[in-house]
Amino acid sequence: MVKKFGDFTANDNLTFQVRKGEIFGFLGANGAGKTTAIRILCGLSAPTSGEINVAGFNVYKETEKIKKSIGYMSQKFSLYEDLTVKENFRFYGGIYGLSRKKIRERTGYLLEKLNFTHASNYKIASIPLGWKQKLAFSIAIMHEPRIVFLDEPTSGVDPIIRRQFWEMIYETAEGGVTVFVTTHYMDEAEYCDRVSIMEAGRIEAMDTPRNLKTRYQASNMNDVFVRIAR
Amino acid sequence: MKKTYGNIIAVENATFEVEKGELFGLIGPDGAGKTTLFRILTTLLIPDEGTATVEGWDTVRHYKEIRKITGYMPGQFSLYPDLSVRENLEFFATIFDTTIEENYHLIEDIYRQIEPFKGRLARNLSGGMKQKLALSCALIHKPLVLVLDEPTTGVDAVSRKEFWEMLMKLKKQGITLLVSTPYMDEAGMCDRVALIQNGKIMKIDPPDKILADYPGTLWAARAERPYRLLQNIRDYEGVASVYPFGEYIHFTPQSEPFDKEKLKVFLESRGHRDPEIKKAELTIEDCFMDLMNR
């Protein structure tokens with residue numbers, strides 16, 4: 001994958017494969033080019049060159065098919081604050097073209113799993129951040145996407161909910177959904193099956209957290225990251 | 001101090017003292033009450049109950065004195081986007097009746113990194129450069145107390161490390177530093193930390209003391225299939241709390257001493273090949289979660 005903006009190369013020959021059901025951590029310093037790459041993978045921006053397939057679809061020609069096959073949530077934008085929990089499910093379900101019956105089923109199922117059925121009529125604005133993020137994740141997988149992109153999903157969330165969130169990720173990946181996640185919490189990088197670390201537009205390292213720690217003789221991923229990105 | 005917004009209690013019964021020259025951390029997730037506390041201390045909010053003093057000045061009655069001796073870097077970028085780097089700095093120096101030259105030594109290390117871009121409008125700076133400019137502006141009047149609200153949120157691990165190194169240098173100059181952060185691994189950089197959740201300070205101590213006070217032992221387990229391992233350990237009688245923790249699962253036994261061989265046999269009977277079980281290396285986050293659960 002290559003993406004240039006004028007003279008600036010945001011993504012410089014990124015080459016990687018993520019397998020079905022894998023939890024893939026996409027790490028890098030601020031400005032390393034992660035967001036640019038994610039936008040391309042989500043079908044929101046065309047690459048300058050390269051051969052790229054997402055869920056089996058071509059990123060140049062089949063962006064609409066890609067959008068239907070993926071889920072997305074970020075820390076910055078996820079749910080409509082002035083809609084209730086249930087309304088948010090209905091809204092996103094509608095966007096993804098689910099039938100009313102399917103929306104009802106999936107909403108009921110996902111809220112039950114979250115133990116949040118009692119709150120289905122609460123406005124999002126009245127719900128604590130950690131719960132919002134768990135809801136946003138449920139909504140991102142509501143249409144049963146093949147891949148879900150999570151852009152700093154746990155920023156600022158309390159540590160207990162952060163772990164519950166990762167359990168949801170584990171469970172989702174067990175069900176065969178591919179999880180593509182960015183985070184600034186380096187301990188979270190260790191939840192991933194594999195991680196890539198970007199620096200100045202290139203992937204500098206890509207492996208399991210365990211192998212990276214061995215290779216860089218580091219006791220944790222934070223040290224690995226600092227060694228690569230500095 | 002106590003502060004409420006309508007029905008919401010933002011801060012309740014917060015009582016603490018910060019030593020002169022101390023690097024004091026306020027650690028907790030979003031919504032814990034960190035910003036409210038800092039706004040009271042910087043005279044921007046009035047507490048419903050209680051009082052606070054900064055360098056002996058009362059935050060309500062003597063707010064003007066406090067503003068002269070305090071530097072504040074809010075969580076949101078709050079400089080003038082349509083002024084250049086240099087103009088922003090000059091503006092803050094002028095407001096505090098000083099000049100850039102007079103206190104240049106204080107900001108030199110930080111400002112030098114953005115000085116090549118001094119003509120650039122603040123709005124066009126990268127996140128890291130904005131942060132350095134904001135810190136320079138908060139320091140230019142040589143404050144006795146520097147209050148930094150989540151300066152490292154959303155910042156990558158390398159820039160975070162560099163930022164803390166800058167704070168260490170400022171501490172050496174004798175400035176009292178109050179820093180809030182949601183990243184619990186940053187606690188180790190502070191002399192003392194307050195762990196805060198839902199408006200309540202759960203504990204205030206040096207980071208080592210917080211780790212030492214953890215009751216009982218914490219264990220870690222690892223195997224090929226982490227999610228299944230997590231579920232299996234939850235099913236095992238004799239464990240209390242079970243959480244994923246990076247590539248390990250952290251758990252606490254219901255009673256001591258804990259027989260790890262027995263758990264190993266159990267896990268092997270559930271299909272895990274050669275699971276690793278060992279005593280976990282405690283982190284501030286484990287302590288934070290323990291306090292949350294009490």
# chains A, B, ... in the order shown; residues from 1 in each chain; ligands from 1
call {"tool": "select_by_dssp", "arguments": {"residues": "stretch 25-234 of chain B", "states": "strand (DSSP E or B)", "output": "PyMOL selection string"}}
result
chain B and resi 25-27+49+53-54+57-58+70-73+84+121+145-148+176-181+192-197+200-205+219-222
call {"tool": "closest_atom_pairs", "arguments": {"of": "chain A", "to": "chain B", "cutoff": "6 Å", "atoms": "only C-alpha atoms", "output": "Markdown table"}}
result
| residue | atom | partner | partner_atom | distance |
| --- | --- | --- | --- | --- |
| A:Ala29 | CA | B:Asp156 | CA | 5.1 |
| A:Asn30 | CA | B:Asp156 | CA | 5.8 |
| A:Gly156 | CA | B:Asp30 | CA | 5.1 |
| A:Val157 | CA | B:Pro29 | CA | 5.5 |
| A:Asp158 | CA | B:Pro29 | CA | 4.7 |
| A:Tyr170 | CA | B:Tyr227 | CA | 5.9 |
| A:His184 | CA | B:Asp156 | CA | 5.6 |
| A:Asp187 | CA | B:Gly246 | CA | 5.4 |
| A:Glu188 | CA | B:Gly246 | CA | 5.6 |
| A:Glu190 | CA | B:Gly246 | CA | 4.3 |
| A:Tyr191 | CA | B:Gly246 | CA | 4.5 |
| A:Val226 | CA | B:Val158 | CA | 5.3 |
call {"tool": "atom_distance", "arguments": {"atom1": "atom CA of A:Thr178", "atom2": "atom CA of A:Arg19"}}
result
7.2 Å
call {"tool": "residues_around", "arguments": {"residues": "B:Leu195", "least_positions_apart": "3", "cutoff": "9 Å", "atoms": "only C-alpha atoms", "output": "ChimeraX atom specification"}}
result
/B:25-28,200-205,288,291
call {"tool": "atom_distance", "arguments": {"atom1": "atom CA of A:Ser69", "atom2": "atom CA of A:Ile139"}}
result
13.8 Å
call {"tool": "closest_atom_pairs", "arguments": {"of": "stretch 6-113 of chain A", "to": "stretch 207-218 of chain A", "cutoff": "12 Å", "atoms": "only C-alpha atoms", "output": "Markdown table"}}
result
| residue | atom | partner | partner_atom | distance |
| --- | --- | --- | --- | --- |
| A:Phe16 | CA | A:Asp207 | CA | 10.8 |
| A:Gln17 | CA | A:Asp207 | CA | 11.5 |
| A:Val18 | CA | A:Asp207 | CA | 11.4 |
| A:Glu22 | CA | A:Thr208 | CA | 11.3 |
| A:Ile23 | CA | A:Thr208 | CA | 10.5 |
| A:Phe24 | CA | A:Thr208 | CA | 9.4 |
| A:Gly25 | CA | A:Pro209 | CA | 9.5 |
| A:Phe26 | CA | A:Asp207 | CA | 11.1 |
| A:Leu27 | CA | A:Pro209 | CA | 11.6 |
call {"tool": "write_last_selection", "arguments": {"atoms": "C-alpha atoms", "output": "PDB file, in the first residue's frame"}}
result
ATOM      1  CA  PHE A  16       0.854  -7.130   5.392  1.00  0.00           C
ATOM      2  CA  GLN A  17      -1.776  -9.785   5.640  1.00  0.00           C
ATOM      3  CA  VAL A  18      -4.254 -10.267   8.445  1.00  0.00           C
ATOM      4  CA  GLU A  22      -6.993 -12.614  14.078  1.00  0.00           C
ATOM      5  CA  ILE A  23      -6.633  -9.767  16.555  1.00  0.00           C
ATOM      6  CA  PHE A  24      -4.202  -7.476  14.793  1.00  0.00           C
ATOM      7  CA  GLY A  25      -2.730  -4.497  16.643  1.00  0.00           C
ATOM      8  CA  PHE A  26      -1.867  -1.610  14.345  1.00  0.00           C
ATOM      9  CA  LEU A  27       0.505   0.525  16.373  1.00  0.00           C
TER      10      LEU A  27
END
call {"tool": "atom_distance", "arguments": {"atom1": "atom CA of B:Thr35", "atom2": "atom CA of B:Ile210"}}
result
22.8 Å
call {"tool": "closest_residue", "arguments": {"among": "A:Ile40, A:Val177, A:Met186, A:Met142", "to": "A:Gly97", "atoms": "only C-alpha atoms"}}
result
A:Met142
call {"tool": "residues_around", "arguments": {"residues": "stretch 88-95 of chain B", "least_positions_apart": "6", "cutoff": "12 Å", "atoms": "only C-alpha atoms", "output": "JSON, numbers by chain"}}
result
{"B": [67, 68, 71, 72, 78, 79, 80, 81, 82, 101, 102, 103, 104, 107, 111, 114, 115, 118, 119, 120, 121, 122, 123, 130, 132, 133, 134, 135, 136, 137, 138, 139, 140, 141, 142, 143]}
call {"tool": "residues_around", "arguments": {"residues": "B:Ala10", "least_positions_apart": "3", "cutoff": "6 Å", "atoms": "only C-alpha atoms", "output": "PyMOL selection string"}}
result
chain B and resi 3-4+33+199
call {"tool": "write_last_selection", "arguments": {"atoms": "C-alpha atoms", "output": "PDB file, in the first residue's frame"}}
result
ATOM      1  CA  LYS B   3     -18.224  19.920  43.785  1.00  0.00           C
ATOM      2  CA  THR B   4     -21.486  18.944  42.141  1.00  0.00           C
ATOM      3  CA  GLY B  33     -13.154  14.199  38.714  1.00  0.00           C
ATOM      4  CA  GLY B 199     -15.211  11.713  42.331  1.00  0.00           C
TER       5      GLY B 199
END
call {"tool": "residues_around", "arguments": {"residues": "stretch 39-52 of chain B", "least_positions_apart": "4", "cutoff": "6 Å", "atoms": "only C-alpha atoms", "output": "JSON list (two decimals) with N, CA and C atoms, in the first residue's frame"}}
result
[["chain", "number", "residue", "atom", "x", "y", "z"],
["B", 1, "MET", "N", -12.74, 19.10, 49.62],
["B", 1, "MET", "CA", -13.54, 19.81, 48.63],
["B", 1, "MET", "C", -14.66, 18.93, 48.13],
["B", 2, "LYS", "N", -15.76, 19.59, 47.80],
["B", 2, "LYS", "CA", -16.86, 18.89, 47.16],
["B", 2, "LYS", "C", -17.36, 19.77, 46.02],
["B", 3, "LYS", "N", -17.68, 19.16, 44.90],
["B", 3, "LYS", "CA", -18.22, 19.92, 43.78],
["B", 3, "LYS", "C", -19.26, 19.08, 43.05],
["B", 58, "ASP", "N", -5.94, 31.45, 49.34],
["B", 58, "ASP", "CA", -7.23, 30.78, 49.21],
["B", 58, "ASP", "C", -7.73, 30.88, 47.76],
["B", 59, "THR", "N", -8.20, 29.76, 47.23],
["B", 59, "THR", "CA", -8.56, 29.74, 45.79],
["B", 59, "THR", "C", -9.75, 30.63, 45.45],
["B", 63, "TYR", "N", -7.88, 34.64, 44.43],
["B", 63, "TYR", "CA", -7.66, 34.02, 43.11],
["B", 63, "TYR", "C", -6.66, 34.78, 42.25]]
call {"tool": "select_by_dssp", "arguments": {"residues": "stretch 1-223 of chain A", "states": "helix (DSSP H, G or I)", "output": "VMD selection string"}}
result
chain A and resid 34 to 41 63 to 69 85 to 95 100 to 114 117 to 119 124 to 126 129 to 140 159 to 174 186 to 189 209 to 215 221 to 223
call {"tool": "decode", "arguments": {"residues": "stretch 199-214 of chain A", "atoms": "N, CA and C atoms", "output": "PDB file, in the first residue's frame"}}
result
ATOM      1  N   GLU A 199       6.375   3.579  11.766  1.00  0.00           N
ATOM      2  CA  GLU A 199       7.178   4.748  12.085  1.00  0.00           C
ATOM      3  C   GLU A 199       7.421   5.482  10.771  1.00  0.00           C
ATOM      4  N   ALA A 200       7.066   6.749  10.742  1.00  0.00           N
ATOM      5  CA  ALA A 200       7.269   7.581   9.554  1.00  0.00           C
ATOM      6  C   ALA A 200       6.810   6.899   8.262  1.00  0.00           C
ATOM      7  N   GLY A 201       5.584   6.373   8.279  1.00  0.00           N
ATOM      8  CA  GLY A 201       5.000   5.847   7.052  1.00  0.00           C
ATOM      9  C   GLY A 201       5.346   4.409   6.712  1.00  0.00           C
ATOM     10  N   ARG A 202       6.253   3.799   7.461  1.00  0.00           N
ATOM     11  CA  ARG A 202       6.649   2.413   7.157  1.00  0.00           C
ATOM     12  C   ARG A 202       6.341   1.494   8.330  1.00  0.00           C
ATOM     13  N   ILE A 203       6.157   0.226   8.004  1.00  0.00           N
ATOM     14  CA  ILE A 203       6.029  -0.764   9.075  1.00  0.00           C
ATOM     15  C   ILE A 203       7.435  -1.203   9.452  1.00  0.00           C
ATOM     16  N   GLU A 204       7.830  -0.888  10.670  1.00  0.00           N
ATOM     17  CA  GLU A 204       9.196  -1.189  11.110  1.00  0.00           C
ATOM     18  C   GLU A 204       9.299  -2.582  11.721  1.00  0.00           C
ATOM     19  N   ALA A 205       8.211  -3.071  12.254  1.00  0.00           N
ATOM     20  CA  ALA A 205       8.249  -4.395  12.869  1.00  0.00           C
ATOM     21  C   ALA A 205       6.853  -4.984  12.834  1.00  0.00           C
ATOM     22  N   MET A 206       6.795  -6.318  12.679  1.00  0.00           N
ATOM     23  CA  MET A 206       5.490  -6.973  12.671  1.00  0.00           C
ATOM     24  C   MET A 206       5.691  -8.412  13.123  1.00  0.00           C
ATOM     25  N   ASP A 207       5.045  -8.771  14.229  1.00  0.00           N
ATOM     26  CA  ASP A 207       5.218 -10.120  14.760  1.00  0.00           C
ATOM     27  C   ASP A 207       4.276 -10.308  15.949  1.00  0.00           C
ATOM     28  N   THR A 208       4.369 -11.463  16.604  1.00  0.00           N
ATOM     29  CA  THR A 208       3.606 -11.637  17.833  1.00  0.00           C
ATOM     30  C   THR A 208       4.284 -10.784  18.911  1.00  0.00           C
ATOM     31  N   PRO A 209       3.527 -10.317  19.897  1.00  0.00           N
ATOM     32  CA  PRO A 209       4.142  -9.519  20.965  1.00  0.00           C
ATOM     33  C   PRO A 209       5.298 -10.271  21.627  1.00  0.00           C
ATOM     34  N   ARG A 210       5.111 -11.569  21.802  1.00  0.00           N
ATOM     35  CA  ARG A 210       6.135 -12.385  22.463  1.00  0.00           C
ATOM     36  C   ARG A 210       7.452 -12.368  21.661  1.00  0.00           C
ATOM     37  N   ASN A 211       7.340 -12.589  20.358  1.00  0.00           N
ATOM     38  CA  ASN A 211       8.548 -12.591  19.519  1.00  0.00           C
ATOM     39  C   ASN A 211       9.210 -11.221  19.480  1.00  0.00           C
ATOM     40  N   LEU A 212       8.384 -10.157  19.463  1.00  0.00           N
ATOM     41  CA  LEU A 212       8.964  -8.807  19.429  1.00  0.00           C
ATOM     42  C   LEU A 212       9.733  -8.529  20.714  1.00  0.00           C
ATOM     43  N   LYS A 213       9.171  -8.968  21.829  1.00  0.00           N
ATOM     44  CA  LYS A 213       9.849  -8.734  23.112  1.00  0.00           C
ATOM     45  C   LYS A 213      11.184  -9.474  23.141  1.00  0.00           C
ATOM     46  N   THR A 214      11.182 -10.698  22.588  1.00  0.00           N
ATOM     47  CA  THR A 214      12.435 -11.457  22.553  1.00  0.00           C
ATOM     48  C   THR A 214      13.443 -10.748  21.645  1.00  0.00           C
TER      49      THR A 214
END
